[in-house]
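Participant: Sharing final-v7.tsv, TSV, C-alpha atoms:
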chain	number	residue	atom	x	y	z
Y	910	MET	CA	165.02	81.25	72.11
Y	911	SER	CA	167.83	82.73	74.14
Y	912	GLU	CA	170.37	80.11	73.17
Y	913	SER	CA	172.55	79.60	70.13
Y	914	ARG	CA	170.59	78.38	67.09
Y	915	GLU	CA	169.98	74.68	66.66
Y	916	HIS	CA	172.35	74.46	63.69
Y	917	ALA	CA	176.03	75.35	63.41
Y	918	ALA	CA	177.22	78.67	62.02
Y	919	PRO	CA	177.98	78.63	58.30
Y	920	SER	CA	181.60	78.93	57.25
Y	921	THR	CA	181.04	81.56	54.56
Y	922	GLY	CA	178.56	84.22	53.56
Y	923	GLY	CA	180.20	87.64	53.48
Y	924	ASP	CA	180.38	90.37	56.08
Y	925	ARG	CA	177.21	89.51	57.99
Y	926	ALA	CA	178.52	88.72	61.48
Y	927	ASP	CA	176.41	91.49	63.03
Y	928	LEU	CA	173.34	90.22	61.22
Y	929	ARG	CA	173.38	86.79	62.85
Y	930	ALA	CA	171.73	86.24	66.20
Y	931	ASP	CA	174.11	86.31	69.17
Y	932	CYS	CA	171.79	85.13	71.91
Y	933	GLU	CA	174.49	85.37	74.56
Y	934	SER	CA	174.49	89.16	74.07
Y	935	CYS	CA	170.71	89.56	74.06
Y	936	PHE	CA	168.20	89.84	76.88
Y	937	ALA	CA	165.91	87.21	75.33
Y	938	LEU	CA	163.82	89.82	73.53
Y	939	CYS	CA	162.39	87.22	71.15
Y	940	CYS	CA	161.11	85.31	74.18
Y	941	VAL	CA	159.32	88.38	75.55
Y	942	VAL	CA	158.29	90.89	72.89
Y	943	PRO	CA	156.28	88.84	70.33
Y	944	ALA	CA	152.87	87.41	71.07
Y	945	PHE	CA	151.95	83.90	69.99
Y	946	SER	CA	148.90	81.66	70.09
Y	947	ALA	CA	148.53	77.97	70.82
Y	948	SER	CA	148.85	76.21	67.46
Y	949	SER	CA	151.01	73.70	65.62
Y	950	ASP	CA	153.89	76.17	66.13
Y	951	PHE	CA	153.36	77.01	69.82
Y	952	ALA	CA	152.11	74.91	72.70
Y	953	ILE	CA	150.60	77.85	74.61
Y	954	ASP	CA	149.23	81.37	74.29
Y	955	LYS	CA	151.55	84.23	75.19
Y	956	LYS	CA	150.75	87.93	75.23
Y	957	ALA	CA	153.08	90.51	73.67
Y	958	GLY	CA	155.55	91.80	76.23
Y	959	GLN	CA	155.05	88.82	78.52
Y	960	ALA	CA	158.04	86.59	79.19
Y	961	CYS	CA	157.67	83.01	78.00
Y	962	PRO	CA	157.28	80.67	81.01
Y	963	ASN	CA	160.22	78.65	79.69
Y	964	LEU	CA	162.56	81.64	80.07
Y	965	LEU	CA	165.11	81.28	82.87
Y	966	THR	CA	166.47	84.08	85.04
Y	967	ASP	CA	169.74	84.12	83.08
Y	968	PHE	CA	167.81	84.80	79.83
Y	969	ARG	CA	168.29	81.25	78.58
Y	970	CYS	CA	165.54	78.93	77.39
Y	971	GLY	CA	164.80	76.09	79.77
Y	972	ILE	CA	163.72	73.74	76.97
Y	973	HIS	CA	166.04	74.89	74.18
Y	974	THR	CA	167.18	71.40	73.19
Y	975	ARG	CA	163.58	70.12	73.25
Y	976	LEU	CA	161.67	72.97	71.61
Y	977	ARG	CA	160.25	70.89	68.78
Y	978	ASP	CA	159.33	68.01	71.09
Y	979	LYS	CA	157.60	70.41	73.49
Y	980	GLY	CA	155.49	72.00	70.78
Y	981	PHE	CA	157.50	75.19	70.23
Y	982	ARG	CA	158.50	74.68	66.61
Y	983	GLY	CA	157.82	78.36	65.95
Y	984	CYS	CA	160.75	79.29	68.17
Y	985	THR	CA	163.15	77.20	66.10
Y	986	VAL	CA	162.38	79.05	62.87
Y	987	TYR	CA	162.56	82.59	64.23
Y	988	ASP	CA	165.48	84.81	63.22
Y	989	CYS	CA	166.07	88.32	64.54
Y	990	PHE	CA	169.00	88.97	62.14
Y	991	GLY	CA	171.07	90.20	65.08
Y	992	ALA	CA	168.53	92.81	66.16
Y	993	GLY	CA	168.37	91.35	69.66
Y	994	GLN	CA	171.96	92.05	70.54
Y	995	LYS	CA	171.87	95.45	68.81
Y	996	VAL	CA	168.90	96.59	70.90
Y	997	SER	CA	170.29	95.04	74.09
Y	998	GLN	CA	173.90	96.18	73.87
Y	999	VAL	CA	173.85	99.27	71.63
Y	1000	THR	CA	170.43	100.94	71.72
Y	1001	PHE	CA	170.01	100.40	75.47
Y	1002	GLY	CA	173.69	100.23	76.38
Y	1003	GLY	CA	173.55	96.86	78.14
Y	1004	GLN	CA	170.60	97.69	80.42
Y	1005	ASP	CA	168.35	94.68	80.73
Y	1006	TRP	CA	164.60	94.88	81.24
Y	1007	ARG	CA	164.70	92.93	84.50
Y	1008	ARG	CA	167.18	95.11	86.35
Y	1009	ALA	CA	166.00	98.28	84.62
Y	1010	PRO	CA	162.23	97.68	84.25
Y	1011	GLN	CA	161.69	101.26	83.09
Y	1012	THR	CA	163.29	100.23	79.78
Y	1013	ALA	CA	160.91	97.32	79.11
Y	1014	LYS	CA	158.13	99.18	77.29
Y	1015	ARG	CA	160.43	101.15	75.00
Y	1016	MET	CA	162.61	98.12	74.36
Y	1017	ALA	CA	159.53	96.18	73.26
Y	1018	GLU	CA	158.64	98.99	70.85
Y	1019	VAL	CA	162.12	99.24	69.38
Y	1020	PHE	CA	162.88	95.53	68.91
Y	1021	PRO	CA	160.48	94.82	65.99
Y	1022	VAL	CA	161.65	98.00	64.24
Y	1023	MET	CA	165.27	96.95	64.63
Y	1024	ARG	CA	164.50	93.46	63.38
Y	1025	ASP	CA	162.95	94.88	60.20
Y	1026	LEU	CA	165.97	97.10	59.63
Y	1027	HIS	CA	168.40	94.24	60.17
Y	1028	GLU	CA	166.49	92.02	57.75
Y	1029	LEU	CA	166.80	94.77	55.14
Y	1030	LEU	CA	170.53	94.99	55.86
Y	1031	TRP	CA	170.80	91.24	55.20
Y	1032	TYR	CA	169.15	91.56	51.79
Y	1033	LEU	CA	171.12	94.68	50.84
Y	1034	THR	CA	174.40	93.03	51.83
Y	1035	GLU	CA	173.55	90.10	49.57
Y	1036	ALA	CA	172.54	92.44	46.73
Y	1037	LEU	CA	176.04	93.96	46.79
Y	1038	THR	CA	177.52	90.53	46.05
Y	1039	LEU	CA	175.44	89.99	42.91
Y	1040	ARG	CA	177.52	90.84	39.84
Y	1041	PRO	CA	174.57	91.26	37.43
Y	1042	ALA	CA	173.39	94.16	39.61
Y	1043	LEU	CA	176.73	95.96	39.39
Y	1044	SER	CA	175.13	98.93	37.62
Y	1045	ILE	CA	173.11	99.77	40.72
Y	1046	HIS	CA	175.63	98.79	43.39
Y	1047	SER	CA	176.20	102.45	44.26
Y	1048	GLU	CA	172.49	102.87	44.99
Y	1049	ILE	CA	172.44	99.66	46.98
Y	1050	GLY	CA	175.45	100.81	48.97
Y	1051	LEU	CA	173.78	104.11	49.81
Y	1052	ALA	CA	170.62	102.31	50.92
Y	1053	LEU	CA	172.70	100.01	53.11
Y	1054	GLU	CA	174.51	102.95	54.72
Y	1055	ARG	CA	171.24	104.79	55.32
Y	1056	THR	CA	169.66	101.71	56.88
Y	1057	GLU	CA	172.66	101.11	59.10
Y	1058	ARG	CA	172.51	104.74	60.30
Y	1059	LEU	CA	168.87	104.24	61.25
Y	1060	THR	CA	169.82	101.29	63.46
Y	1061	ARG	CA	172.11	103.61	65.44
Y	1062	ASP	CA	169.37	106.08	66.34
Y	1063	THR	CA	168.06	106.60	69.86
Y	1064	PRO	CA	165.22	104.51	71.27
Y	1065	ASP	CA	162.78	107.40	70.91
Y	1066	VAL	CA	163.67	107.98	67.25
Y	1067	LEU	CA	163.52	104.27	66.44
Y	1068	ALA	CA	160.13	103.87	68.10
Y	1069	ARG	CA	158.72	106.64	65.86
Y	1070	LEU	CA	160.36	105.44	62.65
Y	1071	ASP	CA	158.06	104.68	59.71
Y	1072	VAL	CA	159.84	101.42	58.99
Y	1073	ALA	CA	157.17	100.34	56.48
Y	1074	ALA	CA	157.96	103.35	54.28
Y	1075	HIS	CA	161.67	102.62	54.46
Y	1076	ARG	CA	161.03	98.98	53.60
Y	1077	ARG	CA	159.09	100.02	50.49
Y	1078	GLU	CA	162.02	102.12	49.30
Y	1079	VAL	CA	164.52	99.34	49.86
Y	1080	ASN	CA	162.24	96.72	48.36
Y	1081	ALA	CA	162.02	98.68	45.11
Y	1082	LEU	CA	165.81	98.50	44.90
Y	1083	LEU	CA	165.83	94.79	45.74
Y	1084	LEU	CA	163.27	94.17	43.01
Y	1085	ARG	CA	165.49	95.93	40.47
Y	1086	THR	CA	168.36	93.76	41.68
Y	1087	SER	CA	166.26	90.64	41.19
Y	1088	GLU	CA	165.25	91.66	37.68
Y	1089	LEU	CA	168.87	92.23	36.67
Y	1090	VAL	CA	170.00	88.89	38.05
Y	1091	ARG	CA	167.18	86.94	36.44
Y	1092	ALA	CA	167.50	88.82	33.14
Y	1093	GLU	CA	171.15	87.83	32.84
Y	1094	ALA	CA	170.08	84.24	33.39
Y	1095	GLY	CA	167.74	84.72	30.41
Y	1096	ARG	CA	164.66	84.33	32.56
Y	1097	GLY	CA	163.83	87.82	33.75
Y	1098	LYS	CA	160.34	87.84	32.20
Y	1099	LYS	CA	159.60	84.16	32.59
Y	1100	LYS	CA	158.00	82.21	35.40
Y	1101	ASP	CA	156.57	85.19	37.26
Y	1102	ARG	CA	154.83	83.54	40.20
Y	1103	ARG	CA	155.03	86.49	42.55
Y	1104	GLY	CA	152.57	85.98	45.42
Y	1105	ALA	CA	151.21	82.84	43.74
Y	1106	ASP	CA	149.14	80.32	45.67
Y	1107	LEU	CA	151.28	77.19	45.34
Y	1108	ILE	CA	150.20	75.56	48.58
Y	1109	GLY	CA	150.77	71.83	48.24
Y	1110	ALA	CA	151.85	72.24	44.60
Y	1111	LYS	CA	153.38	69.24	42.86
Y	1112	LEU	CA	156.66	70.71	41.65
Y	1113	LYS	CA	158.92	67.67	41.91
Y	1114	GLY	CA	161.87	68.11	39.54
Y	1115	ALA	CA	160.52	71.44	38.26
Y	1116	ASP	CA	162.81	73.80	36.37
Y	1117	LEU	CA	162.32	76.98	38.40
Y	1118	ARG	CA	165.58	78.65	37.46
Y	1119	GLY	CA	165.16	82.41	37.52
Y	1120	ALA	CA	161.56	82.20	38.67
Y	1121	ASN	CA	160.06	85.15	40.51
Y	1122	LEU	CA	158.66	83.47	43.62
Y	1123	ARG	CA	158.55	86.60	45.77
Y	1124	GLY	CA	155.94	86.14	48.46
Y	1125	ALA	CA	154.69	82.89	46.90
Y	1126	TYR	CA	152.79	80.50	49.14
Y	1127	LEU	CA	154.72	77.24	48.87
Y	1128	ILE	CA	153.42	75.73	52.11
Y	1129	GLY	CA	153.69	71.96	51.91
Y	1130	ALA	CA	154.79	72.10	48.26
Y	1131	ASP	CA	156.65	69.14	46.76
Y	1132	LEU	CA	159.90	70.69	45.54
Y	1133	ARG	CA	161.95	67.52	45.61
Y	1134	GLY	CA	164.74	67.75	43.06
Y	1135	ALA	CA	163.54	71.16	41.84
Y	1136	ASP	CA	166.06	73.53	40.25
Y	1137	LEU	CA	165.76	76.88	42.05
Y	1138	ARG	CA	169.02	78.44	40.91
Y	1139	THR	CA	168.70	82.25	40.47
Y	1140	ALA	CA	165.09	82.08	41.67
Y	1141	ASP	CA	163.99	85.06	43.76
Y	1142	LEU	CA	162.66	83.63	47.02
Y	1143	ILE	CA	162.26	86.78	49.08
Y	1144	GLY	CA	159.27	86.37	51.38
Y	1145	ALA	CA	158.31	82.96	49.95
Y	1146	ASP	CA	156.49	80.83	52.52
Y	1147	LEU	CA	158.28	77.48	52.57
Y	1148	ARG	CA	156.68	76.04	55.69
Y	1149	GLY	CA	156.60	72.28	55.34
Y	1150	ALA	CA	157.81	72.42	51.73
Y	1151	ASP	CA	159.92	69.40	50.76
Y	1152	LEU	CA	163.26	70.58	49.39
Y	1153	SER	CA	164.89	67.15	49.37
Y	1154	GLY	CA	167.45	67.05	46.58
Y	1155	ALA	CA	166.54	70.56	45.39
Y	1156	ASP	CA	169.22	72.91	44.08
Y	1157	LEU	CA	169.08	76.27	45.85
Y	1158	THR	CA	172.61	77.37	44.99
Y	1159	GLY	CA	172.52	80.82	43.47
Y	1160	SER	CA	168.94	81.45	44.57
Y	1161	ILE	CA	168.54	85.05	45.68
Y	1162	PHE	CA	167.24	86.51	48.94
Y	1163	LEU	CA	166.69	83.12	50.59
Y	1164	ILE	CA	167.09	83.35	54.38
Y	1165	GLN	CA	167.80	80.82	57.10
Y	1166	SER	CA	164.34	80.90	58.67
Y	1167	GLN	CA	162.81	79.81	55.36
Y	1168	LEU	CA	165.03	76.73	55.36
Y	1169	ASP	CA	164.32	76.08	59.04
Y	1170	ALA	CA	160.60	76.00	58.29
Y	1171	ALA	CA	160.99	73.60	55.37
Y	1172	LYS	CA	162.03	69.97	54.97
Y	1173	GLY	CA	165.13	68.78	53.17
Y	1174	ASP	CA	167.95	66.26	53.19
Y	1175	ALA	CA	171.68	65.83	52.69
Y	1176	ARG	CA	171.24	66.19	48.93
Y	1177	THR	CA	169.67	69.65	49.13
Y	1178	ALA	CA	172.19	72.10	47.69
Y	1179	LEU	CA	172.29	75.38	49.64
Y	1180	PRO	CA	173.84	78.83	49.16
Y	1181	PRO	CA	177.13	79.09	51.12
Y	1182	SER	CA	175.76	81.75	53.48
Y	1183	LEU	CA	173.12	79.40	54.88
Y	1184	THR	CA	173.22	76.24	56.97
Y	1185	ARG	CA	171.53	72.87	56.68
Y	1186	PRO	CA	168.96	72.70	59.52
Y	1187	ALA	CA	169.63	70.03	62.14
Y	1188	HIS	CA	166.13	68.54	61.83
Y	1189	TRP	CA	166.52	67.67	58.13
Could you spell out this file's structure in structure tokens?
Facilitator:
Amino acid sequence: MSESREHAAPSTGGDRADLRADCESCFALCCVVPAFSASSDFAIDKKAGQACPNLLTDFRCGIHTRLRDKGFRGCTVYDCFGAGQKVSQVTFGGQDWRRAPQTAKRMAEVFPVMRDLHELLWYLTEALTLRPALSIHSEIGLALERTERLTRDTPDVLARLDVAAHRREVNALLLRTSELVRAEAGRGKKKDRRGADLIGAKLKGADLRGANLRGAYLIGADLRGADLRTADLIGADLRGADLSGADLTGSIFLIQSQLDAAKGDARTALPPSLTRPAHW
């Protein structure tokens, strides 16, 4: 995926420049580190740590403009939240794994840790913009600073980091943020569908304002014209969900890769920090 994303950069969205992928400054870590299996998302099998056969010597993707046509849809919905350039340029000081092969193993260990940390930074940055959570902004700010400090650690420290434990701590704070936002909307205790199986659900035109859809399985769901304002969508699986005409403005913790995996149209209303995918 070592090219710019298939959609243009959004014009707004707060101080998140370092949390957006800059593929020009990365050594194609997303094309090397993860494993994938032949499926509807990938045309081939690839082992973890093995470079994708489509990767060129300059760390660019040889089929970037044809990924979907070539059976690599999974590549188009992946987001490292800027972890690739952080690991490449900061953690390893610009050493690339081809010219410095001794870095390859450690780089592969650090990259997924960094990606998790950067994803948490994205959510925490958003949480600081949510006025209903003002009472806990100081706690959110401290968590953001602590997470940012972790991203600056050495490769050895990062490789040993218990990122799952840190994620649990941050997630508790994000959940409190969500509850405050949804409570102000008068829906904090309503429509709790956390982790719900809504695969293929018929939700056309549904009023889902303030719903807790954390981790919900919305694969292939019909959400045409649905009202998702102030809904918590963190971790919701929107693969193949139809968001045509849906209102996602004001939804919380929605990320670009969720939109990239879904379907939508010109009428789908999006938060200003996100971009309408090119394939819609």
Participant: Tell me which residues come within 12 Å of (152.0, 74.9, 74.2), as a list in words, counting all atoms listed in the file in the file's coordinates.
Facilitator: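 Residues satisfying the cut-off, written out: Phe945, Ser946, Ala947, Ser948, Ser949, Asp950, Phe951, Ala952, Ile953, Asp954, Lys955, Cys961, Pro962, Asn963, Leu976, Arg977, Asp978, Lys979, Gly980, Phe981, Arg982, Gly983 and Cys984 of chain Y.
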Participant: May I have the residues within 12 Å of Y:Ser1044 as a list in words, using all atoms listed in the file and disregarding those fewer than 5 positions away in the same chain?
Facilitator: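 Residues near the query, excluding close chain neighbours: Ala1036, Leu1037, Leu1039, Ile1049, Gly1050, Leu1082, Arg1085, Thr1086, Leu1089 and Val1090 of chain Y.
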Participant: Quick one: 8 Å padding each side, axis-aligned, all listed atoms of stretch 1134-1151 of chain Y - centre and edge lengths in Å to one decimal, as lines of an AutoDock Vina configuration file?
Facilitator:
center_x = 162.8
center_y = 77.3
center_z = 48.0
size_x = 28.5
size_y = 35.0
size_z = 31.4
Participant: One decimal, in Å: what's the spacing between atom CA of Y:Cys989 and atom CA of Y:Asp1156?
Facilitator: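 So the two atoms, atom CA of Y:Cys989 and atom CA of Y:Asp1156, lie 25.8 Å apart.
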Participant: Taking only C-alpha atoms into account, name the residue in Y:Ala1105, Y:Ala930, Y:Ile972, Y:Val942 that is nearest to Y:His1027.
Facilitator: Y:Ala930
Participant: Which residue gives the smallest distance to Y:Gly1154 among Y:Gly958, Y:Gly991, Y:Gly1114, Y:Pro1181, with all atoms listed in the file counted?
Facilitator: Y:Gly1114
Participant: So that I can check the surroundings of Y:Lys995, please list as a list in words every protein, DNA and RNA residue that reaches within 10 Å of it, counting all atoms listed in the file and ignoring chain neighbours fewer than 3 positions away.
Facilitator: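 After dropping sequence-adjacent residues, the list is Asp927, Leu928, Ala930, Asp931, Ser934, Cys935, Phe990, Gly991, Ala992, Gln998, Val999, Thr1000, Phe1001, Gly1002, Gly1003, Phe1020, Met1023, Arg1024, His1027, Thr1060 and Arg1061 of chain Y.
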Participant: What's the 10 Å shell around Y:Tyr1126, counting all atoms listed in the file, without same-chain residues fewer than 2 positions away, as a list in words?
Facilitator: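 Within the cut-off, the hits are Arg1102, Arg1103, Gly1104, Ala1105, Asp1106, Leu1107, Ile1108, Gly1109, Ala1110, Leu1122, Arg1123, Gly1124, Ile1128, Gly1129, Ala1130, Gly1144, Ala1145, Asp1146, Leu1147, Arg1148 and Ala1150 of chain Y.
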